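What follows is data06.tsv (TSV, C-alpha atoms).
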```
chain	number	residue	atom	x	y	z
A	1	MET	CA	198.04	162.42	132.40
A	2	ALA	CA	195.15	164.40	131.28
A	3	ASP	CA	197.09	165.41	128.27
A	4	ASP	CA	197.88	161.81	127.54
A	5	LEU	CA	194.19	160.99	127.83
A	6	ASN	CA	193.27	163.81	125.45
A	7	ASP	CA	195.90	162.65	123.02
A	8	LYS	CA	194.52	159.12	123.16
A	9	MET	CA	190.88	160.26	122.80
A	10	GLU	CA	191.47	162.79	120.04
A	11	PRO	CA	191.74	160.25	117.23
A	12	GLU	CA	188.53	158.51	118.38
A	13	ILE	CA	186.75	161.85	118.63
A	14	SER	CA	187.93	162.75	115.14
A	15	GLU	CA	186.76	159.45	113.81
A	16	ALA	CA	183.40	159.84	115.52
A	17	ALA	CA	183.06	163.36	114.14
A	18	GLU	CA	183.92	162.12	110.68
A	19	ALA	CA	181.42	159.29	111.04
A	20	VAL	CA	178.75	161.71	112.16
A	21	GLU	CA	179.63	164.00	109.29
A	22	GLU	CA	179.43	161.13	106.85
A	23	VAL	CA	176.07	160.10	108.28
A	24	ALA	CA	174.86	163.70	107.96
A	25	LYS	CA	176.10	163.81	104.37
A	26	GLU	CA	174.35	160.55	103.61
A	27	GLU	CA	171.12	161.84	105.20
A	28	ALA	CA	171.49	165.08	103.27
A	29	ALA	CA	171.97	163.05	100.08
A	30	VAL	CA	168.92	160.99	100.91
A	31	VAL	CA	166.92	164.13	101.61
A	32	GLU	CA	168.18	165.71	98.39
A	33	ALA	CA	167.26	162.57	96.45
A	34	ALA	CA	163.83	162.58	98.04
A	35	GLU	CA	163.43	166.24	97.18
A	36	GLU	CA	164.45	165.52	93.60
A	37	LYS	CA	161.98	162.62	93.46
A	38	ALA	CA	159.30	164.89	94.90
A	39	ILE	CA	160.12	167.54	92.32
A	40	ASP	CA	160.04	164.93	89.54
A	41	ALA	CA	156.74	163.58	90.84
A	42	GLY	CA	155.30	167.11	90.98
A	43	GLU	CA	156.47	167.81	87.47
A	44	ALA	CA	154.99	164.49	86.31
A	45	ALA	CA	151.72	165.31	88.08
A	46	ALA	CA	151.72	168.77	86.52
A	47	ALA	CA	152.40	167.26	83.10
A	48	ALA	CA	149.63	164.71	83.67
A	49	ALA	CA	147.31	167.50	84.74
A	50	VAL	CA	148.19	169.47	81.61
A	51	THR	CA	147.63	166.36	79.47
A	52	ALA	CA	144.35	165.67	81.23
A	53	SER	CA	143.27	169.26	80.73
A	54	ALA	CA	144.17	169.10	77.04
A	55	ALA	CA	142.32	165.80	76.72
A	56	GLY	CA	139.32	167.30	78.52
A	57	LYS	CA	139.34	170.28	76.19
A	58	GLU	CA	139.57	167.99	73.16
A	59	ALA	CA	136.77	165.83	74.51
A	60	ALA	CA	134.69	168.94	75.17
A	61	LYS	CA	135.33	170.11	71.61
A	62	GLU	CA	134.32	166.71	70.23
A	63	ALA	CA	131.20	166.71	72.40
A	64	VAL	CA	130.29	170.19	71.17
A	65	LYS	CA	130.84	169.08	67.57
A	66	GLU	CA	128.71	165.98	68.07
A	67	ALA	CA	125.99	168.05	69.74
A	68	ASP	CA	126.04	170.54	66.84
A	69	ALA	CA	125.90	167.69	64.33
A	70	ALA	CA	123.00	166.06	66.20
A	71	ALA	CA	121.15	169.39	66.39
A	72	LYS	CA	121.66	169.96	62.66
A	73	ALA	CA	120.49	166.43	61.87
A	74	ALA	CA	117.44	166.87	64.10
A	75	LYS	CA	116.64	170.23	62.49
A	76	LYS	CA	117.05	168.75	59.02
A	77	ALA	CA	114.82	165.80	59.91
A	78	GLU	CA	112.24	168.18	61.34
A	79	GLU	CA	112.30	170.31	58.19
A	80	GLN	CA	111.98	167.20	56.02
A	81	ALA	CA	109.08	165.95	58.13
A	82	ALA	CA	107.44	169.37	57.87
A	83	LYS	CA	107.84	169.30	54.07
A	84	GLU	CA	106.38	165.80	53.85
A	85	ALA	CA	103.49	166.81	56.10
A	86	ALA	CA	102.89	169.91	53.95
A	87	LYS	CA	102.89	167.77	50.78
A	88	LYS	CA	100.46	165.28	52.30
A	89	GLN	CA	98.21	168.08	53.51
A	90	ALA	CA	98.29	169.71	50.07
A	91	ALA	CA	97.41	166.38	48.43
A	92	ALA	CA	94.62	165.82	50.95
A	93	ASP	CA	93.28	169.33	50.35
A	94	LYS	CA	93.41	168.74	46.60
A	95	GLU	CA	91.53	165.46	46.91
A	96	ALA	CA	89.01	167.13	49.19
A	97	GLU	CA	88.51	169.89	46.62
A	98	LYS	CA	88.04	167.30	43.87
A	99	ALA	CA	85.56	165.36	45.98
A	100	LYS	CA	83.73	168.56	46.84
A	101	ALA	CA	83.59	169.61	43.19
A	102	ALA	CA	82.38	166.14	42.14
A	103	LYS	CA	79.72	166.18	44.87
A	104	GLU	CA	78.58	169.66	43.83
A	105	LYS	CA	78.42	168.53	40.20
A	106	ALA	CA	76.45	165.41	41.13
A	107	ASP	CA	74.12	167.46	43.31
A	108	ALA	CA	73.65	169.93	40.46
A	109	ARG	CA	72.79	167.09	38.06
A	110	LEU	CA	70.42	165.54	40.56
A	111	GLU	CA	68.76	168.88	41.19
A	112	LYS	CA	68.47	169.45	37.46
A	113	LYS	CA	66.80	166.05	37.06
A	114	ARG	CA	64.48	166.82	39.93
A	115	GLN	CA	63.55	170.14	38.42
A	116	LYS	CA	62.97	168.48	35.07
A	117	ARG	CA	60.77	165.82	36.63
A	118	ALA	CA	58.92	168.46	38.61
A	119	ALA	CA	58.38	170.48	35.43
A	120	GLN	CA	57.14	167.38	33.60
A	121	GLN	CA	54.86	166.47	36.47
A	122	ALA	CA	53.56	170.02	36.51
A	123	LEU	CA	52.78	169.76	32.80
A	124	ILE	CA	51.09	166.40	33.36
A	125	ASP	CA	49.04	167.79	36.21
A	126	ALA	CA	48.10	170.78	34.06
A	127	CYS	CA	46.77	168.52	31.31
A	128	PRO	CA	43.10	167.51	31.32
A	129	PRO	CA	42.53	163.86	32.36
A	130	GLN	CA	41.71	162.79	28.81
A	131	TYR	CA	45.05	164.11	27.47
A	132	ARG	CA	47.41	163.04	30.24
A	133	PRO	CA	50.44	160.92	29.20
A	134	VAL	CA	50.31	157.15	29.63
A	135	SER	CA	53.17	155.28	31.29
A	136	THR	CA	55.25	152.65	29.50
A	137	SER	CA	53.98	149.89	31.78
A	138	LYS	CA	50.39	150.74	30.90
A	139	TYR	CA	51.19	150.59	27.17
A	140	PHE	CA	52.84	147.20	27.74
A	141	TRP	CA	49.78	145.71	29.46
A	142	LEU	CA	47.41	147.21	26.85
A	143	ALA	CA	49.47	145.58	24.09
A	144	PHE	CA	49.48	142.30	26.04
A	145	LEU	CA	45.70	142.47	26.40
A	146	SER	CA	45.20	143.24	22.73
A	147	ALA	CA	47.36	140.25	21.75
A	148	ILE	CA	45.01	137.76	23.45
A	149	PRO	CA	42.99	135.93	20.78
A	150	PHE	CA	39.34	137.01	20.43
A	151	VAL	CA	39.27	138.72	23.87
A	152	GLY	CA	42.00	141.10	22.79
A	153	PHE	CA	40.17	141.97	19.58
A	154	ILE	CA	37.00	142.83	21.52
A	155	ALA	CA	38.98	144.81	24.13
A	156	THR	CA	40.76	146.70	21.34
A	157	ILE	CA	37.48	147.68	19.72
A	158	PHE	CA	35.97	148.73	23.05
A	159	LEU	CA	39.02	150.84	24.17
A	160	SER	CA	39.41	152.47	20.77
A	161	ILE	CA	35.80	153.68	20.95
A	162	ALA	CA	34.99	154.15	24.64
A	163	GLY	CA	38.42	154.87	26.13
A	164	ARG	CA	38.60	157.96	28.36
A	165	ASN	CA	42.20	158.84	27.61
A	166	ARG	CA	42.97	160.07	24.10
A	167	ASN	CA	46.41	158.47	24.12
A	168	VAL	CA	44.96	155.07	25.04
A	169	LYS	CA	42.28	155.44	22.36
A	170	ASN	CA	44.88	156.31	19.72
A	171	PHE	CA	47.04	153.37	20.77
A	172	GLU	CA	44.11	150.96	20.57
A	173	LYS	CA	43.07	152.43	17.23
A	174	ALA	CA	46.56	151.70	15.90
A	175	ILE	CA	46.29	148.09	17.10
A	176	LEU	CA	42.80	147.84	15.61
A	177	ALA	CA	44.23	149.05	12.32
A	178	TYR	CA	46.72	146.17	12.48
A	179	TYR	CA	43.84	143.78	13.08
A	180	ILE	CA	41.91	145.18	10.11
A	181	ILE	CA	44.96	144.97	7.86
A	182	ALA	CA	45.54	141.38	8.97
A	183	ILE	CA	41.89	140.49	8.31
A	184	VAL	CA	42.00	142.12	4.85
A	185	ILE	CA	45.20	140.27	3.98
A	186	ALA	CA	43.65	137.02	5.20
A	187	LEU	CA	40.53	137.58	3.06
A	188	ILE	CA	42.63	138.39	0.01
A	189	ALA	CA	44.65	135.25	0.62
A	190	LEU	CA	41.48	133.19	0.92
A	191	ILE	CA	40.08	134.64	-2.30
A	192	VAL	CA	43.33	133.97	-4.14
A	193	ILE	CA	43.44	130.47	-2.75
A	194	GLY	CA	39.77	129.90	-3.66
A	195	VAL	CA	40.25	131.09	-7.23
A	196	ALA	CA	43.72	129.91	-8.14
A	197	LEU	CA	43.95	126.52	-6.45
A	198	PRO	CA	42.23	123.34	-7.62
A	199	ALA	CA	39.13	122.21	-5.73
A	200	GLU	CA	40.92	119.32	-3.96
A	201	ILE	CA	43.83	121.43	-2.77
A	202	ARG	CA	41.53	124.31	-1.90
A	203	SER	CA	39.44	122.06	0.33
A	204	ASN	CA	42.56	120.79	2.08
A	205	VAL	CA	43.82	124.35	2.68
A	206	LEU	CA	40.44	125.47	3.98
A	207	ASN	CA	40.31	122.51	6.34
A	208	SER	CA	43.77	123.35	7.61
A	209	LEU	CA	42.78	126.97	8.17
A	210	ARG	CA	39.66	125.87	10.05
A	211	GLU	CA	41.76	123.62	12.30
A	212	ILE	CA	44.20	126.45	12.99
A	213	ALA	CA	41.36	128.90	13.72
A	214	GLY	CA	39.69	126.36	15.98
A	215	SER	CA	42.96	125.81	17.93
A	216	VAL	CA	43.28	129.55	18.70
A	217	ASN	CA	39.55	129.99	19.34
A	218	ILE	CA	39.10	132.73	16.76
A	219	VAL	CA	35.98	131.16	15.20
```

Output the file's structure as structure tokens, nothing else.
Amino acid sequence: MADDLNDKMEPEISEAAEAVEEVAKEEAAVVEAAEEKAIDAGEAAAAAAVTASAAGKEAAKEAVKEADAAAKAAKKAEEQAAKEAAKKQAAADKEAEKAKAAKEKADARLEKKRQKRAAQQALIDACPPQYRPVSTSKYFWLAFLSAIPFVGFIATIFLSIAGRNRNVKNFEKAILAYYIIAIVIALIALIVIGVALPAEIRSNVLNSLREIAGSVNIV
């Protein structure tokens, strides 16, 4: 009976063992597939890491290149700025030298004029009072005084005789000479008029001359 039971159970046990074996195979296949997926994922991650590393290296190279280019540009700009500053400084120094030379020249001219004036003043001071030079303004007012009718003639005679300064006396003598020449010419004209003109015309001319002389208060 036991044998019969074993015979009956043997097919079921075999089937169960086969089922278990199939389940184990399936689980092994699943595990193997998972392992393959894990391996693929690891390889993909490794490839991604390699790609990322290569990209990082390339980016680092580009960054280094850009930094070098920026440094070169900055150095070039600094050199250019230094050159421009040197040119401006040289131009400023040149202008300063020109201004200094012009100032020295102007100072030299001014000093020369001062020395000349000082020398002239020293000569004037060394002269006796009666021989000292007369200024232009004084000559102008002396000439103005001498041009006044009647009063100027008297002042001219007085200064040409009693003037203290020899230059003033000589100037007034020259004006007095003009007066004398004018008087001589006027007398000659009167004589010519008195001799050459008829009596009627002569009287008219003389009357006109008297009126003119009376208007300027000469006679």

Size and centre in Å, one decimal, axis-aligned box, all listed range 75-92 of chain A atoms plus 4 Å per side, as AutoDock Vina command-line options:
```
--center_x 105.8 --center_y 167.8 --center_z 55.5 --size_x 30.4 --size_y 13.0 --size_z 22.1
```

Task: Long-range neighbours of Lys169 in chain A as a PyMOL selection string, 6 Å cut-off, only C-alpha atoms, 6 positions minimum in chain - done: chain A and resi 159-160+163

- [ ] Could you tell me how far CA of Glu172 in chain A lies from CA of Pro129 in chain A, in Å and to one decimal?
- [x] 17.5 Å

TODO: Would you work out the distance separating CA of Phe171 in chain A from CA of Ile183 in chain A, expressed in Å to one decimal?
DONE: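 According to the coordinates, CA of Phe171 in chain A and CA of Ile183 in chain A are separated by 18.6 Å.
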
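Using only C-alpha atoms, the protein and nucleic acid residues lying no more than 12 Å from Lys138 in chain A, apart from those fewer than 5 places from it along its own chain, are Pro133, Ala143, Phe144, Leu145, Asn165, Asn167, Val168 and Phe171 of chain A.
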
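If you measure from each of A:Ala101, A:Ala108, A:Ile124, A:Leu176 to Ala147 in chain A using only C-alpha atoms, the closest one turns out to be A:Leu176.
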
Task: Which residue of A:Ala199, A:Ala174, A:Ala122, A:Ala55 approaches Leu142 in chain A most closely, using all atoms listed in the file - done: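 Selected residue with least distance to Leu142 in chain A: A:Ala174.
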
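Here CA of Trp141 in chain A and CA of Leu209 in chain A stand 29.2 Å from one another.
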
Task: Pick from A:Ala92, A:Ala177, A:Pro128, A:Asp68 nearest to Arg164 in chain A, counting all atoms listed in the file - done: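 Among A:Ala92, A:Ala177, A:Pro128, A:Asp68, it is A:Pro128 that comes nearest to Arg164 in chain A.
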